[in-house]
file my_file_8.cif (mmCIF, C-alpha atoms)
data_target
loop_
_atom_site.label_atom_id
_atom_site.label_comp_id
_atom_site.auth_asym_id
_atom_site.auth_seq_id
_atom_site.Cartn_x
_atom_site.Cartn_y
_atom_site.Cartn_z
CA MET A 1 79.27 61.31 88.49
CA SER A 2 79.86 64.43 90.55
CA THR A 3 81.45 64.05 93.99
CA SER A 4 81.15 67.70 94.97
CA ALA A 5 79.60 68.55 98.31
CA PRO A 6 75.95 69.68 98.31
CA THR A 7 75.50 73.45 98.34
CA LYS A 8 75.11 75.07 101.74
CA ARG A 9 74.64 78.74 102.53
CA LEU A 10 77.24 80.70 104.50
CA TYR A 11 76.64 84.11 106.05
CA ILE A 12 79.60 86.03 107.51
CA LYS A 13 79.21 89.31 109.37
CA THR A 14 82.52 91.14 109.69
CA TYR A 15 83.28 93.68 112.39
CA GLY A 16 86.26 95.99 112.72
CA CYS A 17 89.52 96.22 110.83
CA GLN A 18 90.72 95.33 107.33
CA MET A 19 92.43 92.25 108.70
CA ASN A 20 89.05 90.91 109.73
CA VAL A 21 87.85 91.52 106.16
CA TYR A 22 90.79 89.46 104.92
CA ASP A 23 90.12 86.75 107.49
CA SER A 24 86.45 86.57 106.47
CA GLU A 25 87.45 86.07 102.83
CA ARG A 26 89.79 83.25 103.83
CA MET A 27 87.10 81.62 105.98
CA ALA A 28 84.90 81.50 102.88
CA ASP A 29 87.82 79.97 100.98
CA VAL A 30 88.42 77.15 103.48
CA LEU A 31 84.70 76.39 103.66
CA ARG A 32 84.09 76.34 99.91
CA PRO A 33 85.27 72.71 99.48
CA LEU A 34 82.58 71.72 101.99
CA GLY A 35 79.96 73.15 99.63
CA TYR A 36 79.41 76.50 101.36
CA VAL A 37 78.54 79.48 99.17
CA LEU A 38 78.20 83.01 100.48
CA SER A 39 74.75 84.41 101.22
CA ASP A 40 73.79 88.02 101.83
CA VAL A 41 71.22 87.15 104.49
CA ALA A 42 71.52 85.28 107.75
CA GLU A 43 67.95 83.95 107.99
CA ASP A 44 68.37 81.09 105.51
CA ALA A 45 72.04 80.34 106.17
CA ASP A 46 73.26 76.90 107.16
CA LEU A 47 76.27 78.47 108.87
CA VAL A 48 76.46 81.95 110.38
CA VAL A 49 79.87 83.32 111.36
CA LEU A 50 80.33 86.52 113.35
CA ASN A 51 83.93 87.64 112.76
CA THR A 52 84.37 89.96 115.71
CA CYS A 53 86.52 92.89 116.82
CA HIS A 54 87.48 93.66 120.41
CA ILE A 55 89.08 97.10 120.00
CA ARG A 56 86.26 99.52 120.79
CA GLU A 57 84.11 99.98 123.86
CA LYS A 58 81.04 97.79 124.07
CA ALA A 59 82.25 95.64 121.16
CA THR A 60 81.62 92.47 123.13
CA GLU A 61 78.09 93.46 124.15
CA LYS A 62 77.25 94.25 120.52
CA VAL A 63 78.27 90.71 119.64
CA TYR A 64 76.05 89.24 122.37
CA SER A 65 73.16 91.37 121.15
CA GLU A 66 73.66 90.06 117.61
CA LEU A 67 73.90 86.50 118.94
CA GLY A 68 70.51 86.94 120.58
CA ARG A 69 69.02 87.98 117.25
CA ILE A 70 70.58 85.05 115.39
CA LYS A 71 69.51 82.63 118.13
CA ARG A 72 65.92 83.49 117.26
CA MET A 73 66.62 82.85 113.56
CA LYS A 74 68.21 79.52 114.46
CA ALA A 75 65.17 78.50 116.50
CA ALA A 76 62.78 79.53 113.70
CA LYS A 77 64.74 77.48 111.20
CA ALA A 78 64.70 74.46 113.52
CA GLU A 79 60.89 74.72 113.77
CA THR A 80 60.65 74.17 110.01
CA GLY A 81 63.00 71.18 110.06
CA GLY A 82 66.15 73.09 109.12
CA ALA A 83 69.42 73.53 110.94
CA MET A 84 71.83 76.39 111.45
CA LEU A 85 75.33 76.33 112.89
CA LEU A 86 76.44 79.48 114.69
CA ALA A 87 80.12 80.39 115.05
CA VAL A 88 81.88 83.30 116.75
CA ALA A 89 85.30 84.07 115.29
CA GLY A 90 87.89 86.80 115.66
CA CYS A 91 89.17 88.76 118.61
CA VAL A 92 86.11 88.58 120.87
CA ALA A 93 86.28 84.81 120.44
CA GLN A 94 89.90 84.89 121.54
CA ALA A 95 89.24 87.19 124.50
CA GLU A 96 86.02 85.61 125.76
CA GLY A 97 86.53 81.93 124.89
CA ALA A 98 84.21 79.58 126.77
CA GLU A 99 82.37 82.55 128.29
CA ILE A 100 80.63 83.03 124.94
CA VAL A 101 79.13 79.55 125.00
CA ARG A 102 78.19 79.96 128.67
CA ARG A 103 76.35 83.22 128.00
CA GLN A 104 74.83 82.13 124.71
CA PRO A 105 74.39 78.33 124.44
CA ALA A 106 73.11 78.69 120.87
CA VAL A 107 76.73 79.19 119.79
CA ASP A 108 78.17 75.99 118.32
CA LEU A 109 81.75 77.09 117.63
CA VAL A 110 84.19 79.64 119.05
CA VAL A 111 87.19 80.19 116.77
CA GLY A 112 90.07 82.56 117.51
CA PRO A 113 91.78 84.56 114.76
CA GLN A 114 94.66 82.09 114.50
CA SER A 115 92.44 79.02 114.23
CA TYR A 116 89.84 79.64 111.53
CA HIS A 117 91.66 77.24 109.18
CA ARG A 118 90.25 74.53 111.48
CA LEU A 119 86.64 75.45 110.70
CA PRO A 120 86.02 72.39 108.47
CA GLU A 121 87.22 70.07 111.25
CA LEU A 122 85.22 71.88 113.92
CA ILE A 123 82.08 71.89 111.78
CA ALA A 124 82.39 68.15 111.26
CA ARG A 125 82.69 67.68 115.03
CA ALA A 126 79.71 69.94 115.67
CA HIS A 127 77.62 67.91 113.24
CA ARG A 128 78.58 64.81 115.21
CA ALA A 129 77.58 66.71 118.38
CA SER A 130 80.82 65.78 120.06
CA GLY A 131 84.36 67.02 120.44
CA GLU A 132 85.66 70.49 121.09
CA ALA A 133 83.71 73.60 120.20
CA LEU A 134 86.58 75.96 121.07
CA ALA A 135 89.67 76.73 119.02
CA ALA A 136 91.35 79.85 120.34
CA ASP A 137 95.01 79.01 120.63
CA PHE A 138 97.77 81.08 119.04
CA ALA A 139 99.37 79.31 116.10
CA PRO A 140 99.61 81.78 113.20
CA GLU A 141 102.17 79.72 111.28
CA GLU A 142 99.80 76.75 111.30
CA LYS A 143 96.98 78.92 110.03
CA PHE A 144 98.91 80.35 107.11
CA ASP A 145 100.47 76.99 106.25
CA ALA A 146 96.95 75.60 105.94
CA LEU A 147 95.73 78.32 103.58
CA THR A 148 96.30 78.02 99.86
CA ALA A 149 97.52 80.93 97.75
CA GLU A 150 94.35 80.67 95.66
CA ARG A 151 91.58 83.02 96.71
CA SER A 152 88.09 83.75 95.49
CA THR A 153 88.58 87.52 95.26
CA THR A 154 86.69 88.98 92.30
CA GLY A 155 87.47 92.70 92.59
CA VAL A 156 90.47 94.65 91.35
CA THR A 157 91.73 95.44 94.86
CA ALA A 158 92.51 93.02 97.68
CA PHE A 159 93.81 92.86 101.22
CA LEU A 160 96.80 90.62 101.89
CA THR A 161 97.86 89.82 105.44
CA VAL A 162 101.65 89.74 105.83
CA GLN A 163 102.06 90.17 109.59
CA GLU A 164 99.94 89.54 112.67
CA GLY A 165 100.13 90.41 116.32
CA CYS A 166 102.01 93.10 118.18
CA ASP A 167 104.80 93.26 120.77
CA LYS A 168 104.41 96.95 121.64
CA PHE A 169 101.84 96.60 124.47
CA CYS A 170 100.39 100.09 124.26
CA ALA A 171 98.46 100.66 127.48
CA PHE A 172 95.11 101.12 125.70
CA CYS A 173 95.28 98.19 123.27
CA VAL A 174 94.03 94.59 123.41
CA VAL A 175 95.79 93.38 120.24
CA PRO A 176 98.75 91.68 121.98
CA TYR A 177 96.23 89.68 124.03
CA THR A 178 93.82 88.77 121.23
CA ARG A 179 96.16 88.43 118.23
CA GLY A 180 99.28 87.38 120.10
CA PRO A 181 102.95 88.25 119.51
CA GLU A 182 104.30 89.53 116.22
CA TYR A 183 104.47 86.92 113.49
CA SER A 184 105.57 87.55 109.89
CA ARG A 185 104.62 85.28 107.02
CA PRO A 186 107.41 84.01 104.74
CA ALA A 187 108.00 86.35 101.82
CA ALA A 188 107.71 83.50 99.30
CA ALA A 189 104.21 82.62 100.54
CA ILE A 190 103.13 86.26 100.36
CA GLU A 191 104.50 86.59 96.84
CA ALA A 192 102.68 83.42 95.74
CA GLU A 193 99.39 84.79 97.08
CA ALA A 194 100.01 88.18 95.44
CA ARG A 195 100.81 86.53 92.09
CA ALA A 196 97.61 84.50 92.31
CA LEU A 197 95.66 87.69 93.00
CA ALA A 198 97.27 89.48 90.07
CA ALA A 199 96.42 86.54 87.81
CA ARG A 200 92.77 87.03 88.80
CA GLY A 201 92.87 90.68 87.76
CA VAL A 202 93.79 92.36 91.05
CA ARG A 203 95.63 95.61 90.34
CA GLU A 204 96.15 96.84 93.91
CA VAL A 205 96.99 95.06 97.15
CA THR A 206 96.97 96.48 100.65
CA LEU A 207 99.44 94.68 102.90
CA LEU A 208 97.95 94.19 106.35
CA GLY A 209 99.38 93.80 109.80
CA GLN A 210 98.57 94.96 113.29
CA ASN A 211 102.08 96.40 113.15
CA VAL A 212 102.80 95.91 109.46
CA ASN A 213 106.12 97.76 109.27
CA ALA A 214 107.53 95.41 111.90
CA TYR A 215 107.45 92.77 109.14
CA ASP A 216 110.57 90.58 109.22
CA ASP A 217 110.82 87.45 107.09
CA GLY A 218 113.56 86.02 109.31
CA ASP A 219 116.29 86.57 106.73
CA GLY A 220 116.72 90.25 107.45
CA GLY A 221 114.20 91.32 104.84
CA GLY A 222 111.82 93.91 106.20
CA LEU A 223 108.69 95.45 104.72
CA ALA A 224 110.67 97.54 102.22
CA ALA A 225 112.27 94.42 100.76
CA LEU A 226 108.87 92.72 100.56
CA VAL A 227 107.32 95.71 98.80
CA ARG A 228 110.18 95.78 96.27
CA ARG A 229 109.63 92.08 95.62
CA LEU A 230 105.89 92.48 95.08
CA ALA A 231 106.37 95.53 92.88
CA LYS A 232 107.94 93.26 90.24
CA ILE A 233 104.78 91.17 89.81
CA PRO A 234 103.27 91.79 86.34
CA GLY A 235 99.86 93.43 86.49
CA LEU A 236 100.17 94.52 90.10
CA ALA A 237 100.21 98.28 89.71
CA ARG A 238 99.64 99.56 93.24
CA ILE A 239 100.80 98.60 96.72
CA ARG A 240 99.64 100.03 100.04
CA TYR A 241 100.18 98.94 103.64
CA THR A 242 98.56 99.49 107.02
CA THR A 243 98.82 99.89 110.01
CA SER A 244 102.27 101.25 110.88
CA HIS A 245 103.96 102.07 114.16
CA PRO A 246 106.34 105.06 114.20
CA ARG A 247 109.00 103.02 116.00
CA ASP A 248 109.28 100.58 113.08
CA LEU A 249 109.30 102.94 110.10
CA ASP A 250 112.92 102.48 109.01
CA ASP A 251 115.19 104.17 106.48
CA ALA A 252 114.66 101.43 103.90
CA LEU A 253 110.88 101.87 103.92
CA ILE A 254 111.17 105.64 103.73
CA ALA A 255 113.50 105.27 100.74
CA ALA A 256 111.05 102.90 99.06
CA HIS A 257 108.37 105.59 99.18
CA GLY A 258 110.65 107.86 97.18
CA GLU A 259 111.77 105.23 94.68
CA LEU A 260 108.91 102.83 93.92
CA GLU A 261 106.16 103.97 91.59
CA ALA A 262 103.91 101.13 92.74
CA LEU A 263 104.07 102.17 96.40
CA MET A 264 101.26 104.66 96.79
CA PRO A 265 101.90 108.10 98.33
CA HIS A 266 99.62 107.50 101.28
CA LEU A 267 100.77 106.51 104.76
CA HIS A 268 98.67 105.71 107.80
CA LEU A 269 100.95 106.55 110.74
CA PRO A 270 99.13 106.64 114.10
CA VAL A 271 100.51 108.97 116.77
CA GLN A 272 97.57 108.78 119.25
CA ALA A 273 98.49 111.96 121.15
CA GLY A 274 100.70 115.04 120.95
CA SER A 275 101.70 115.20 124.60
CA ASP A 276 104.90 113.44 125.65
CA ARG A 277 103.42 112.89 129.08
CA VAL A 278 100.42 111.07 127.61
CA LEU A 279 102.53 109.19 125.08
CA LYS A 280 104.68 107.87 127.92
CA ALA A 281 101.60 106.78 129.88
CA MET A 282 100.35 105.05 126.74
CA ASN A 283 103.68 103.21 126.42
CA ARG A 284 104.05 104.35 122.84
CA GLY A 285 107.85 104.43 122.98
CA HIS A 286 108.22 107.70 121.06
CA THR A 287 107.83 111.40 121.73
CA ALA A 288 105.93 114.00 119.75
CA GLU A 289 109.24 115.36 118.47
CA ASP A 290 110.28 111.85 117.34
CA TYR A 291 107.08 111.65 115.35
CA LEU A 292 107.49 115.09 113.79
CA ARG A 293 111.07 114.32 112.75
CA LEU A 294 109.87 111.10 111.17
CA VAL A 295 107.18 112.96 109.23
CA GLY A 296 109.84 115.37 107.99
CA ARG A 297 112.01 112.52 106.72
CA ILE A 298 109.07 110.88 104.96
CA ARG A 299 108.08 114.12 103.24
CA ALA A 300 111.68 114.74 102.18
CA ALA A 301 111.62 111.36 100.42
CA ARG A 302 108.11 111.75 98.98
CA PRO A 303 106.97 115.39 99.10
CA ASP A 304 103.40 114.69 97.94
CA ILE A 305 102.70 111.93 100.47
CA ALA A 306 99.31 112.08 102.18
CA LEU A 307 99.32 111.24 105.86
CA SER A 308 96.53 109.79 107.93
CA GLY A 309 96.58 109.05 111.63
CA ASP A 310 94.84 107.73 114.73
CA PHE A 311 94.08 109.79 117.83
CA ILE A 312 92.75 108.93 121.26
CA VAL A 313 91.41 111.73 123.45
CA GLY A 314 90.81 111.48 127.17
CA PHE A 315 93.42 108.88 128.00
CA PRO A 316 93.71 108.58 131.81
CA GLY A 317 95.47 111.60 133.24
CA GLU A 318 95.14 113.73 130.08
CA ARG A 319 94.97 117.39 131.10
CA ASP A 320 93.82 120.41 129.10
CA GLU A 321 97.42 121.27 128.24
CA ASP A 322 98.03 117.70 127.03
CA PHE A 323 95.06 117.93 124.71
CA GLU A 324 96.24 121.32 123.42
CA ALA A 325 99.57 119.65 122.58
CA THR A 326 97.68 117.16 120.43
CA LEU A 327 95.97 120.00 118.57
CA ARG A 328 99.35 121.67 117.99
CA LEU A 329 100.79 118.47 116.55
CA VAL A 330 97.80 118.06 114.23
CA ARG A 331 98.23 121.62 112.97
CA GLU A 332 101.94 121.09 112.40
CA VAL A 333 101.57 117.80 110.52
CA GLY A 334 98.47 118.50 108.43
CA TYR A 335 96.54 115.29 107.83
CA ALA A 336 94.73 114.20 104.69
CA SER A 337 92.45 112.05 106.85
CA ALA A 338 92.36 110.60 110.34
CA PHE A 339 90.48 108.43 112.80
CA SER A 340 89.81 109.79 116.27
CA PHE A 341 88.13 108.27 119.29
CA LYS A 342 87.35 108.83 122.93
CA TYR A 343 89.44 106.57 125.16
CA SER A 344 87.51 103.52 126.30
CA ARG A 345 88.60 101.03 128.90
CA ARG A 346 89.47 97.61 127.53
CA PRO A 347 89.46 94.92 130.23
CA GLY A 348 92.88 93.48 130.91
CA THR A 349 94.84 96.43 129.54
CA PRO A 350 97.01 98.64 131.79
CA GLY A 351 94.99 101.73 130.91
CA ALA A 352 91.83 100.25 132.37
CA ALA A 353 93.36 100.23 135.86
CA MET A 354 94.95 103.69 135.71
CA THR A 355 93.85 106.51 137.97
CA GLY A 356 92.78 109.83 136.53
CA GLN A 357 90.03 108.53 134.25
CA VAL A 358 88.68 111.50 132.29
CA ALA A 359 84.99 112.38 132.54
CA GLU A 360 82.86 111.44 129.53
CA ALA A 361 81.69 115.02 129.02
CA VAL A 362 85.28 116.24 128.86
CA LYS A 363 86.22 113.50 126.41
CA ALA A 364 83.25 114.35 124.22
CA GLU A 365 84.12 118.06 124.14
CA ARG A 366 87.76 117.35 123.28
CA LEU A 367 86.83 114.87 120.60
CA ALA A 368 84.48 117.37 118.96
CA ARG A 369 87.25 120.00 118.84
CA LEU A 370 89.78 117.55 117.46
CA GLN A 371 87.42 116.19 114.83
CA ALA A 372 86.52 119.71 113.70
CA LEU A 373 90.21 120.40 113.07
CA LEU A 374 90.79 117.07 111.33
CA ASP A 375 87.69 117.56 109.16
CA GLU A 376 88.95 121.00 108.19
CA GLN A 377 92.31 119.54 107.17
CA GLN A 378 90.72 116.72 105.18
CA ALA A 379 88.46 119.16 103.36
CA GLY A 380 91.46 121.34 102.59
CA PHE A 381 93.49 118.44 101.25
CA ASN A 382 90.62 117.33 99.02
CA ALA A 383 90.01 120.88 97.79
CA ALA A 384 93.68 121.13 96.79
CA GLN A 385 93.11 118.34 94.26
CA VAL A 386 90.61 120.39 92.23
CA GLY A 387 92.12 121.14 88.84
CA ARG A 388 94.68 118.34 89.09
CA VAL A 389 94.68 115.27 86.87
CA LEU A 390 95.03 112.20 89.08
CA PRO A 391 95.59 108.58 88.02
CA VAL A 392 92.53 106.76 89.35
CA LEU A 393 92.18 103.00 89.60
CA ILE A 394 88.58 102.32 88.60
CA GLU A 395 87.20 99.69 90.99
CA LYS A 396 83.48 99.45 90.36
CA ALA A 397 80.36 100.97 88.88
CA GLY A 398 79.28 104.20 90.54
CA ARG A 399 76.08 104.90 92.41
CA HIS A 400 74.44 106.37 89.31
CA ALA A 401 73.98 105.02 85.80
CA GLY A 402 76.91 105.75 83.50
CA GLN A 403 79.23 106.40 86.45
CA VAL A 404 82.33 104.59 87.70
CA ALA A 405 84.23 104.92 90.96
CA GLY A 406 87.74 104.28 92.15
CA ARG A 407 90.60 105.58 94.27
CA SER A 408 93.26 108.22 93.79
CA PRO A 409 96.86 107.49 94.77
CA TYR A 410 96.04 109.26 98.05
CA LEU A 411 93.20 106.79 98.80
CA GLN A 412 90.47 109.32 98.09
CA ALA A 413 87.23 108.03 96.63
CA VAL A 414 86.76 109.43 93.11
CA HIS A 415 83.76 109.16 90.82
CA CYS A 416 83.33 110.21 87.19
CA ALA A 417 81.27 109.43 84.12
CA GLY A 418 82.48 106.27 82.40
CA ASP A 419 81.67 102.78 81.20
CA ALA A 420 82.05 99.54 83.15
CA ASN A 421 84.83 98.44 80.77
CA LEU A 422 87.09 100.87 82.63
CA ILE A 423 86.98 98.73 85.77
CA GLY A 424 90.48 97.51 86.53
CA ARG A 425 92.15 100.26 84.53
CA ILE A 426 94.10 103.25 85.80
CA VAL A 427 92.78 106.33 84.04
CA PRO A 428 93.58 110.05 84.27
CA VAL A 429 90.75 111.96 85.88
CA ARG A 430 90.61 115.74 86.13
CA ILE A 431 89.18 116.65 89.52
CA VAL A 432 86.41 119.21 89.22
CA GLU A 433 84.77 119.10 92.65
CA ALA A 434 85.79 118.13 96.16
CA GLY A 435 83.63 116.97 99.03
CA ARG A 436 84.86 116.03 102.47
CA MET A 437 84.73 112.30 101.73
CA SER A 438 85.11 112.07 97.95
CA LEU A 439 86.14 113.78 94.73
CA ALA A 440 84.21 114.25 91.48
CA GLY A 441 86.09 114.30 88.20
CA GLU A 442 86.00 114.10 84.44
CA LEU A 443 87.71 111.37 82.49
CA GLU A 444 90.56 112.77 80.38
CA MET A 445 91.31 109.72 78.22
CA ALA A 446 91.66 105.94 78.48
CA THR A 447 95.05 104.62 79.59
CA ALA A 448 96.66 101.67 81.39
#
call {"tool": "encode", "arguments": {"input": "my_file_8.cif", "output": "structure tokens"}}
result
Amino acid sequence: MSTSAPTKRLYIKTYGCQMNVYDSERMADVLRPLGYVLSDVAEDADLVVLNTCHIREKATEKVYSELGRIKRMKAAKAETGGAMLLAVAGCVAQAEGAEIVRRQPAVDLVVGPQSYHRLPELIARAHRASGEALAADFAPEEKFDALTAERSTTGVTAFLTVQEGCDKFCAFCVVPYTRGPEYSRPAAAIEAEARALAARGVREVTLLGQNVNAYDDGDGGGLAALVRRLAKIPGLARIRYTTSHPRDLDDALIAAHGELEALMPHLHLPVQAGSDRVLKAMNRGHTAEDYLRLVGRIRAARPDIALSGDFIVGFPGERDEDFEATLRLVREVGYASAFSFKYSRRPGTPGAAMTGQVAEAVKAERLARLQALLDEQQAGFNAAQVGRVLPVLIEKAGRHAGQVAGRSPYLQAVHCAGDANLIGRIVPVRIVEAGRMSLAGELEMATA
């Protein structure tokens, strides 16, 4: 006689960063023993979870708009005798707390990013229509202790959270307030999860953290030591990490880039601005020259490394000459890719209260100029791969019949003709055409 829970449908909508993607996967894992299986549509779901992000402007209002839409689905389901639980998780849940339930009473649960392991308990309480509906306290060690190493990942790449929170308190950022102080998972627990992933056929892991290179296992082992440990796992061929802070990129990690074949030659290293005056106002803790020296050291260790970055234009007080300094830094570094945004006020951050807020039209004009330069650099980097043979990890079938797609060591999307049996293998692909966002190639021969 089976004692398994009856099947229930779970819909999760994920906003924002890769860490939210990881968190959504783990939510599905903790809910699976309750009988929940993932659904692609919200309308027929028994539980809808919005895993939210609080980084960008208007993020909270987008969540409330989506809640209004799901409220109507919930009401329609109730009219036919069904029931739907509605949960808000992630950073908006942490920042807004009880305000979410006040503004949208259809919400049954509010779960912060450190508390989603309590979803089964909270769901049980919601079904009993009693008890707390909020769980937004900071307890990352409790969360990770409650999660098993086993995951339901089915692809050949996976995210793996190793560090959460941030102690840097950049003036524009809400992360210290929504994710809390820096917390690093024990290396042994990370290795166990990575080994379980490799046993399921994962060939590449991306180590995640709001400030991932601040990783410290408590025994003096930093991110470099962790990467070296994971690189010994059989079957795990590629390791990446994101997002880094320039202040925490140490000699050991730079050396690892030059010595470890598994550590991919791609580094996301946000600078945010090229003006020391603006960097100081942002509380970044480094100068433009500090950043450029760091880039030089990284390239000395790994000459072919591809750099990506983050940029904010129009931070309060940014003048024309400050913005020109950012353009000069971009030209000097040369980025393979980058993310760039107009500054937006985040409530509760120091930047929101600063004088000298830059006009929207000025921010828009500066952003357009910066993005044109970054697009030009990305196109140039991609074009430089034409004629090269790159080892590509094939991840999935391509958009067209008889096509497969994967990633180069530099994180570029690559597609070529090939069979589905190549998925999970690293194959040499000769690049024959470069677009701004992807590369086209021809398979040379089958390999690892």
call {"tool": "closest_atom_pairs", "arguments": {"input": "my_file_8.cif", "of": "stretch 320-390 of chain A", "to": "stretch 159-181 of chain A", "cutoff": "9 Å", "atoms": "only C-alpha atoms", "output": "CSV"}}
result
residue,atom,partner,partner_atom,distance
A:Tyr343,CA,A:Phe172,CA,7.9
A:Ser344,CA,A:Phe172,CA,8.0
A:Arg345,CA,A:Phe172,CA,7.3
A:Arg346,CA,A:Val174,CA,6.8
A:Pro347,CA,A:Val174,CA,8.2
A:Gly348,CA,A:Val174,CA,7.7
A:Thr349,CA,A:Ala171,CA,5.9
A:Pro350,CA,A:Ala171,CA,5.0
A:Gly351,CA,A:Ala171,CA,5.0
A:Ala352,CA,A:Phe172,CA,7.5
call {"tool": "residues_near_point", "arguments": {"input": "my_file_8.cif", "point": "(106.2, 105.0, 93.6)", "cutoff": "12 Å", "atoms": "all atoms listed in the file", "output": "ChimeraX atom specification"}}
result
/A:227-228,231,237-240,253-266,301-305,409-410
call {"tool": "resolve_selection", "arguments": {"input": "my_file_8.cif", "expression": "the PyMOL selection byres ((chain A and resi 271) around 10)", "output": "PDB file with C-alpha atoms, in the frame of the given file"}}
result
ATOM      1  CA  SER A 244     102.270 101.250 110.880  1.00  0.00           C
ATOM      2  CA  HIS A 245     103.960 102.070 114.160  1.00  0.00           C
ATOM      3  CA  PRO A 246     106.340 105.060 114.200  1.00  0.00           C
ATOM      4  CA  HIS A 268      98.670 105.710 107.800  1.00  0.00           C
ATOM      5  CA  LEU A 269     100.950 106.550 110.740  1.00  0.00           C
ATOM      6  CA  PRO A 270      99.130 106.640 114.100  1.00  0.00           C
ATOM      7  CA  GLN A 272      97.570 108.780 119.250  1.00  0.00           C
ATOM      8  CA  ALA A 273      98.490 111.960 121.150  1.00  0.00           C
ATOM      9  CA  GLY A 274     100.700 115.040 120.950  1.00  0.00           C
ATOM     10  CA  LEU A 279     102.530 109.190 125.080  1.00  0.00           C
ATOM     11  CA  ARG A 284     104.050 104.350 122.840  1.00  0.00           C
ATOM     12  CA  HIS A 286     108.220 107.700 121.060  1.00  0.00           C
ATOM     13  CA  THR A 287     107.830 111.400 121.730  1.00  0.00           C
ATOM     14  CA  ALA A 288     105.930 114.000 119.750  1.00  0.00           C
ATOM     15  CA  TYR A 291     107.080 111.650 115.350  1.00  0.00           C
ATOM     16  CA  LEU A 292     107.490 115.090 113.790  1.00  0.00           C
ATOM     17  CA  SER A 308      96.530 109.790 107.930  1.00  0.00           C
ATOM     18  CA  GLY A 309      96.580 109.050 111.630  1.00  0.00           C
ATOM     19  CA  ASP A 310      94.840 107.730 114.730  1.00  0.00           C
ATOM     20  CA  PHE A 311      94.080 109.790 117.830  1.00  0.00           C
ATOM     21  CA  ILE A 312      92.750 108.930 121.260  1.00  0.00           C
ATOM     22  CA  THR A 326      97.680 117.160 120.430  1.00  0.00           C
ATOM     23  CA  LEU A 329     100.790 118.470 116.550  1.00  0.00           C
ATOM     24  CA  VAL A 330      97.800 118.060 114.230  1.00  0.00           C
TER      25      VAL A 330
END
call {"tool": "resolve_selection", "arguments": {"input": "my_file_8.cif", "expression": "the PyMOL selection byres ((chain A and resi 337) around 6)", "output": "list in words"}}
result
Ser308, Tyr335, Ala336, Ala338 and Gln378 of chain A
call {"tool": "write_last_selection", "arguments": {"input": "my_file_8.cif", "atoms": "C-alpha atoms", "output": "PDB file, in the coordinates of the input"}}
result
ATOM      1  CA  SER A 308      96.530 109.790 107.930  1.00  0.00           C
ATOM      2  CA  TYR A 335      96.540 115.290 107.830  1.00  0.00           C
ATOM      3  CA  ALA A 336      94.730 114.200 104.690  1.00  0.00           C
ATOM      4  CA  ALA A 338      92.360 110.600 110.340  1.00  0.00           C
ATOM      5  CA  GLN A 378      90.720 116.720 105.180  1.00  0.00           C
TER       6      GLN A 378
END
call {"tool": "closest_residue", "arguments": {"input": "my_file_8.cif", "among": "A:Gly398, A:Gly112, A:Gly90, A:Gly201", "to": "A:Cys17", "atoms": "all atoms listed in the file"}}
result
A:Gly90
call {"tool": "resolve_selection", "arguments": {"input": "my_file_8.cif", "expression": "the PyMOL selection byres ((chain A and resi 22) around 9)", "output": "ChimeraX atom specification"}}
result
/A:18-21,23-27,158-161,208
call {"tool": "axis_aligned_box", "arguments": {"input": "my_file_8.cif", "around": "stretch 367-377 of chain A", "padding_each_side": "3 Å", "output": "AutoDock Vina command-line options"}}
result
--center_x 88.4 --center_y 117.9 --center_z 113.9 --size_x 13.8 --size_y 12.1 --size_z 19.4
call {"tool": "residues_around", "arguments": {"input": "my_file_8.cif", "residues": "A:Leu119", "least_positions_apart": "4", "cutoff": "8 Å", "atoms": "only C-alpha atoms", "output": "PyMOL selection string"}}
result
chain A and resi 27+30-31+111+115+123
call {"tool": "atom_distance", "arguments": {"input": "my_file_8.cif", "atom1": "atom CA of A:Gly418", "atom2": "atom CA of A:Val202"}}
result
19.9 Å
